[in-house]
file protein-v7.txt (compact mmCIF, C-alpha atoms)
# COMPACT_ATOMS: atom_id res chain seq x y z
CA MET X 1 -10.39 -1.19 -1.31
CA ALA X 2 -10.17 -1.97 2.40
CA ILE X 3 -10.97 -0.30 5.67
CA ARG X 4 -9.68 -1.38 9.06
CA PRO X 5 -11.75 -1.10 12.26
CA TRP X 6 -11.09 1.35 15.06
CA THR X 7 -9.31 -0.18 18.06
CA ARG X 8 -8.61 1.30 21.50
CA ARG X 9 -4.91 1.79 22.39
CA ALA X 10 -4.81 4.11 25.41
CA ALA X 11 -6.17 7.33 23.87
CA ALA X 12 -5.51 6.27 20.28
CA VAL X 13 -7.59 4.65 17.59
CA GLY X 14 -6.48 3.30 14.22
CA LEU X 15 -7.68 3.02 10.64
CA ALA X 16 -6.24 1.80 7.38
CA LEU X 17 -7.97 2.52 4.15
CA VAL X 18 -6.59 1.53 0.77
CA MET X 19 -6.15 4.57 -1.44
CA ILE X 20 -5.00 4.17 -5.01
CA GLY X 21 -3.72 6.05 -8.03
CA VAL X 22 -2.87 5.37 -11.67
CA PRO X 23 0.75 4.48 -12.58
CA ALA X 24 2.69 6.38 -15.17
CA ALA X 25 3.49 3.53 -17.57
CA LEU X 26 1.23 0.50 -17.32
CA ALA X 27 2.58 -0.97 -20.55
CA ALA X 28 5.99 -1.57 -18.96
CA ILE X 29 4.59 -3.48 -15.97
CA ARG X 30 4.25 -7.25 -16.11
CA THR X 31 0.98 -9.11 -15.59
CA ILE X 32 0.58 -10.78 -12.18
CA THR X 33 -1.15 -14.16 -12.15
CA ARG X 34 -3.32 -15.43 -9.33
CA ALA X 35 -0.60 -17.96 -8.47
CA ASP X 36 1.99 -15.18 -8.04
CA ALA X 37 -0.22 -12.57 -6.39
CA LEU X 38 0.28 -13.43 -2.72
CA ALA X 39 4.07 -13.55 -3.01
CA VAL X 40 4.09 -10.21 -4.83
CA ALA X 41 1.86 -8.56 -2.24
CA ASN X 42 3.96 -9.86 0.65
CA ALA X 43 7.16 -8.66 -1.00
CA ILE X 44 5.90 -5.07 -1.01
CA SER X 45 4.72 -4.81 2.61
CA LEU X 46 6.42 -2.78 5.35
CA ARG X 47 8.68 -4.85 7.61
CA HIS X 48 10.06 -4.45 11.10
CA GLY X 49 13.47 -3.60 9.66
CA ASP X 50 11.91 -0.53 8.03
CA LEU X 51 10.75 0.77 11.42
CA PRO X 52 13.16 -0.82 13.93
CA THR X 53 12.30 1.54 16.80
CA LEU X 54 8.65 0.48 16.70
CA LYS X 55 7.19 -2.76 18.06
CA PRO X 56 5.42 -5.11 15.62
CA GLU X 57 1.95 -6.20 16.67
CA PRO X 58 -0.40 -8.65 14.92
CA ASN X 59 -2.81 -7.04 12.48
CA PRO X 60 -5.23 -9.80 11.38
CA ASN X 61 -7.99 -9.22 8.87
CA THR X 62 -10.91 -10.28 11.07
CA ALA X 63 -14.51 -10.99 10.10
CA GLN X 64 -15.46 -7.61 11.57
CA ASP X 65 -12.84 -5.93 9.40
CA GLN X 66 -14.19 -7.68 6.32
CA ARG X 67 -17.73 -6.51 7.05
CA ALA X 68 -16.49 -2.94 7.48
CA THR X 69 -14.58 -3.20 4.21
CA ALA X 70 -17.63 -4.51 2.36
CA ALA X 71 -19.86 -1.73 3.71
CA LEU X 72 -17.44 1.01 2.70
CA THR X 73 -16.73 -0.51 -0.70
CA LYS X 74 -20.45 -0.71 -1.44
CA CYS X 75 -20.97 2.90 -0.35
CA VAL X 76 -18.09 4.21 -2.47
CA GLY X 77 -18.79 1.97 -5.47
CA GLY X 78 -15.36 0.35 -5.54
CA VAL X 79 -14.16 -3.16 -6.34
CA PRO X 80 -15.04 -5.77 -3.65
CA ASP X 81 -12.18 -7.52 -1.91
CA SER X 82 -13.58 -10.83 -3.14
CA GLU X 83 -12.40 -9.95 -6.65
CA ALA X 84 -8.75 -9.52 -5.60
CA PHE X 85 -6.15 -12.19 -6.31
CA ALA X 86 -4.52 -11.29 -2.99
CA ASN X 87 -5.18 -8.79 -0.21
CA THR X 88 -2.54 -8.51 2.49
CA GLN X 89 -1.57 -6.17 5.30
CA SER X 90 1.56 -5.76 7.35
CA ASP X 91 1.84 -5.91 11.12
CA ASN X 92 1.02 -2.76 13.02
CA PHE X 93 4.25 -1.05 14.09
CA VAL X 94 3.64 0.77 17.35
CA SER X 95 5.72 3.17 19.46
CA ALA X 96 6.41 2.40 23.12
CA ASP X 97 3.98 5.08 24.26
CA GLN X 98 1.41 3.90 21.67
CA ALA X 99 1.26 7.40 20.19
CA ILE X 100 2.30 6.19 16.72
CA THR X 101 0.94 3.26 14.71
CA ILE X 102 2.07 2.50 11.15
CA SER X 103 0.96 -0.24 8.74
CA SER X 104 0.71 -0.97 5.04
CA SER X 105 -1.70 -2.87 2.80
CA THR X 106 -1.33 -4.37 -0.68
CA ALA X 107 -4.10 -5.72 -2.90
CA ILE X 108 -3.46 -7.41 -6.24
CA LEU X 109 -6.46 -7.16 -8.60
CA PRO X 110 -6.97 -9.21 -11.77
CA THR X 111 -6.46 -6.21 -14.07
CA ALA X 112 -5.15 -2.67 -14.02
CA ALA X 113 -8.59 -1.61 -15.28
CA LEU X 114 -10.13 -2.71 -11.97
CA VAL X 115 -7.51 -0.69 -10.14
CA ALA X 116 -8.52 2.32 -12.23
CA LYS X 117 -12.16 1.67 -11.35
CA ASP X 118 -11.28 1.75 -7.64
CA PHE X 119 -9.41 5.01 -8.07
CA ALA X 120 -12.32 6.58 -9.94
CA ALA X 121 -14.70 5.56 -7.15
CA LEU X 122 -12.46 6.98 -4.44
CA ALA X 123 -12.05 10.24 -6.35
CA ARG X 124 -15.80 10.95 -6.23
CA PRO X 125 -16.92 13.57 -3.69
CA GLN X 126 -19.22 11.07 -1.94
CA ALA X 127 -16.23 8.86 -1.03
CA LEU X 128 -15.27 11.15 1.84
CA THR X 129 -18.83 11.03 3.17
CA CYS X 130 -18.73 7.23 3.06
CA VAL X 131 -15.44 7.18 4.96
CA LEU X 132 -16.72 9.57 7.59
CA ASP X 133 -19.97 7.61 8.06
CA GLN X 134 -18.05 4.35 8.45
CA LEU X 135 -15.61 6.03 10.81
CA GLY X 136 -18.41 7.34 13.00
CA ALA X 137 -20.02 3.93 13.33
CA SER X 138 -16.69 2.27 14.17
CA LEU X 139 -15.82 4.93 16.71
CA ARG X 140 -19.12 4.61 18.53
CA ALA X 141 -18.65 0.85 18.74
CA SER X 142 -15.06 0.99 20.02
CA LEU X 143 -14.92 3.84 22.51
CA PRO X 144 -15.74 3.45 26.23
CA LYS X 145 -19.22 4.73 26.98
CA ALA X 146 -17.89 7.75 28.88
CA ASP X 147 -15.74 8.95 25.97
CA ARG X 148 -16.94 11.02 23.04
CA ALA X 149 -15.30 11.74 19.72
CA THR X 150 -15.69 14.12 16.82
CA SER X 151 -14.11 13.46 13.45
CA THR X 152 -13.38 15.17 10.14
CA VAL X 153 -11.94 13.87 6.90
CA ALA X 154 -10.23 15.66 4.02
CA ARG X 155 -7.99 14.99 1.07
CA ILE X 156 -4.37 16.07 1.54
CA PRO X 157 -1.47 16.45 -0.92
CA SER X 158 0.05 13.10 -1.79
CA VAL X 159 3.70 12.40 -1.07
CA VAL X 160 4.15 9.39 -3.38
CA PRO X 161 6.96 10.08 -5.86
CA GLY X 162 7.33 8.66 -9.34
CA VAL X 163 3.70 7.89 -10.20
CA ALA X 164 1.30 9.78 -12.41
CA GLU X 165 -1.50 9.70 -9.83
CA SER X 166 -1.78 8.97 -6.12
CA ALA X 167 -4.21 9.81 -3.36
CA ALA X 168 -4.19 10.69 0.33
CA ILE X 169 -6.76 11.24 3.06
CA ARG X 170 -6.37 12.64 6.57
CA LEU X 171 -8.78 11.65 9.30
CA GLU X 172 -8.66 13.97 12.29
CA ILE X 173 -10.33 12.68 15.43
CA VAL X 174 -10.68 14.47 18.74
CA VAL X 175 -11.44 12.09 21.61
CA ALA X 176 -12.91 13.73 24.72
CA VAL X 177 -11.93 11.71 27.78
CA PRO X 178 -13.54 12.55 31.17
CA LYS X 179 -10.98 13.14 33.93
CA GLY X 180 -12.76 13.83 37.19
CA THR X 181 -14.74 17.02 36.82
CA SER X 182 -12.96 18.04 33.61
CA THR X 183 -12.52 16.66 30.10
CA VAL X 184 -9.23 16.04 28.31
CA LYS X 185 -9.33 16.33 24.52
CA VAL X 186 -6.84 14.18 22.61
CA PRO X 187 -6.34 14.90 18.88
CA ILE X 188 -5.51 11.90 16.70
CA TYR X 189 -4.41 12.09 13.08
CA SER X 190 -4.65 9.15 10.70
CA ASP X 191 -3.09 9.72 7.28
CA VAL X 192 -3.77 7.17 4.56
CA ILE X 193 -1.56 7.50 1.50
CA GLY X 194 -1.54 5.19 -1.47
CA PHE X 195 -0.91 4.59 -5.12
CA ALA X 196 -1.37 2.02 -7.86
CA TYR X 197 1.33 0.14 -9.69
CA GLY X 198 -0.13 -2.02 -12.46
CA GLN X 199 -2.50 -4.46 -10.78
CA ALA X 200 -1.31 -3.52 -7.29
CA GLU X 201 -3.08 -1.15 -4.92
CA ILE X 202 -0.60 -0.14 -2.22
CA SER X 203 -1.32 1.99 0.82
CA MET X 204 0.15 2.97 4.15
CA ASN X 205 -1.55 4.29 7.25
CA ILE X 206 0.29 6.52 9.71
CA GLN X 207 -1.62 7.29 12.89
CA GLN X 208 -0.24 9.76 15.38
CA THR X 209 -1.59 11.50 18.48
CA VAL X 210 -1.26 15.21 19.33
CA ASP X 211 0.63 16.22 16.16
CA PRO X 212 0.02 15.16 12.54
CA PRO X 213 2.62 13.01 10.75
CA THR X 214 5.27 14.95 8.83
CA ALA X 215 5.23 14.97 5.04
CA SER X 216 8.96 14.20 4.90
CA PHE X 217 8.56 10.96 6.87
CA GLU X 218 5.55 9.93 4.81
CA ARG X 219 7.48 10.64 1.61
CA GLN X 220 10.32 8.39 2.81
CA LEU X 221 7.99 5.44 3.50
CA ALA X 222 6.10 5.95 0.25
CA ALA X 223 9.35 5.88 -1.74
CA LEU X 224 10.29 2.61 -0.03
CA LEU X 225 6.97 0.98 -0.94
CA LEU X 226 7.22 2.18 -4.53
CA THR X 227 10.75 0.79 -4.83
CA ARG X 228 9.52 -2.59 -3.57
CA ALA X 229 6.59 -2.56 -5.97
CA ARG X 230 8.92 -1.95 -8.90
CA ALA X 231 11.25 -4.74 -7.75
CA ALA X 232 8.40 -7.22 -7.19
CA ILE X 233 6.44 -6.46 -10.34
CA GLY X 234 8.98 -5.08 -12.80

call {"tool": "encode", "arguments": {"input": "protein-v7.txt", "output": "structure tokens"}}
result
Amino acid sequence: MAIRPWTRRAAAVGLALVMIGVPAALAAIRTITRADALAVANAISLRHGDLPTLKPEPNPNTAQDQRATAALTKCVGGVPDSEAFANTQSDNFVSADQAITISSSTAILPTAALVAKDFAALARPQALTCVLDQLGASLRASLPKADRATSTVARIPSVVPGVAESAAIRLEIVVAVPKGTSTVKVPIYSDVIGFAYGQAEISMNIQQTVDPPTASFERQLAALLLTRARAAIG
């Protein structure tokens, strides 16, 4: 399970959190070795060709990101990143006005049982509290001193087709930005949608200002990631 830090892009902030589910037919999915894991994970990721109207930007997994991931994983009771064979993330794909940011993450764990353990941890009621607590700390650290933000988190219907289980979370953040004698409130939506396929935990994060992402667009990207997972893993 992984969480990404909040970063300032004009009035927008971003988060990616791995969310997982349980695949329909584990017996038909091949076992991924440690030697193959990185190539498999990279084969699944979103690419610029998938989102050609958006600009790719580097999305490194920094030491700060790793600390945030460890803190959230411990709170939720999930599987630490250190146990994964591979843990990769795509570039951020960003619109010209920086109102939209999209990325994906793929982790390959040693067994499907560990994937199931992660899913069980994320399904617990306390998981949302952990996410919100981590979000609050990251927001306070990243926003300019004059800005204030309020945030909520909730589970939303998943749009991943063709799997027995999947999961989705929506973070809604309202950033209050002082403008002279008044305050402008900017709503930001960050949807994290994911699923499991054998040993793979696959997620995508779609962050959008003003209006929430549409379910039809999210369904399209989820179907693409699932197709790649099937091709890469079997």

call {"tool": "closest_residue", "arguments": {"input": "protein-v7.txt", "among": "X:Thr150, X:Ser158, X:Asn61, X:Ser82", "to": "X:Thr214", "atoms": "all atoms listed in the file"}}
result
X:Ser158

call {"tool": "atom_distance", "arguments": {"input": "protein-v7.txt", "atom1": "atom CA of X:Ala86", "atom2": "atom CA of X:Ala127"}}
result
23.4 Å

call {"tool": "residues_around", "arguments": {"input": "protein-v7.txt", "residues": "stretch 223-232 of chain X", "least_positions_apart": "2", "cutoff": "8 Å", "atoms": "only C-alpha atoms", "output": "count of residues only"}}
result
13

call {"tool": "closest_atom_pairs", "arguments": {"input": "protein-v7.txt", "of": "stretch 188-214 of chain X", "to": "stretch 91-106 of chain X", "cutoff": "6 Å", "atoms": "all atoms listed in the file", "output": "CSV"}}
result
residue,atom,partner,partner_atom,distance
X:Glu201,CA,X:Thr106,CA,5.6
X:Ile202,CA,X:Thr106,CA,4.6
X:Ser203,CA,X:Ser105,CA,5.3
X:Met204,CA,X:Ser104,CA,4.1
X:Asn205,CA,X:Ser103,CA,5.4
X:Ile206,CA,X:Ile102,CA,4.6
X:Gln207,CA,X:Thr101,CA,5.1
X:Gln208,CA,X:Ile100,CA,4.6
X:Thr209,CA,X:Ala99,CA,5.3

call {"tool": "atom_distance", "arguments": {"input": "protein-v7.txt", "atom1": "atom CA of X:Ser166", "atom2": "atom CA of X:Gln64"}}
result
27.8 Å

call {"tool": "atom_distance", "arguments": {"input": "protein-v7.txt", "atom1": "atom CA of X:Ala107", "atom2": "atom CA of X:Asp36"}}
result
12.4 Å

call {"tool": "residues_around", "arguments": {"input": "protein-v7.txt", "residues": "X:Glu172", "least_positions_apart": "3", "cutoff": "6 Å", "atoms": "only C-alpha atoms", "output": "ChimeraX atom specification"}}
result
/X:151-152,188-189

call {"tool": "write_last_selection", "arguments": {"input": "protein-v7.txt", "atoms": "C-alpha atoms", "output": "PDB file, in the frame of the given file"}}
result
ATOM      1  CA  SER X 151     -14.110  13.460  13.450  1.00  0.00           C
ATOM      2  CA  THR X 152     -13.380  15.170  10.140  1.00  0.00           C
ATOM      3  CA  ILE X 188      -5.510  11.900  16.700  1.00  0.00           C
ATOM      4  CA  TYR X 189      -4.410  12.090  13.080  1.00  0.00           C
TER       5      TYR X 189
END

call {"tool": "closest_residue", "arguments": {"input": "protein-v7.txt", "among": "X:Ala116, X:Leu51, X:Ala37, X:Cys130", "to": "X:Val76", "atoms": "only C-alpha atoms"}}
result
X:Cys130
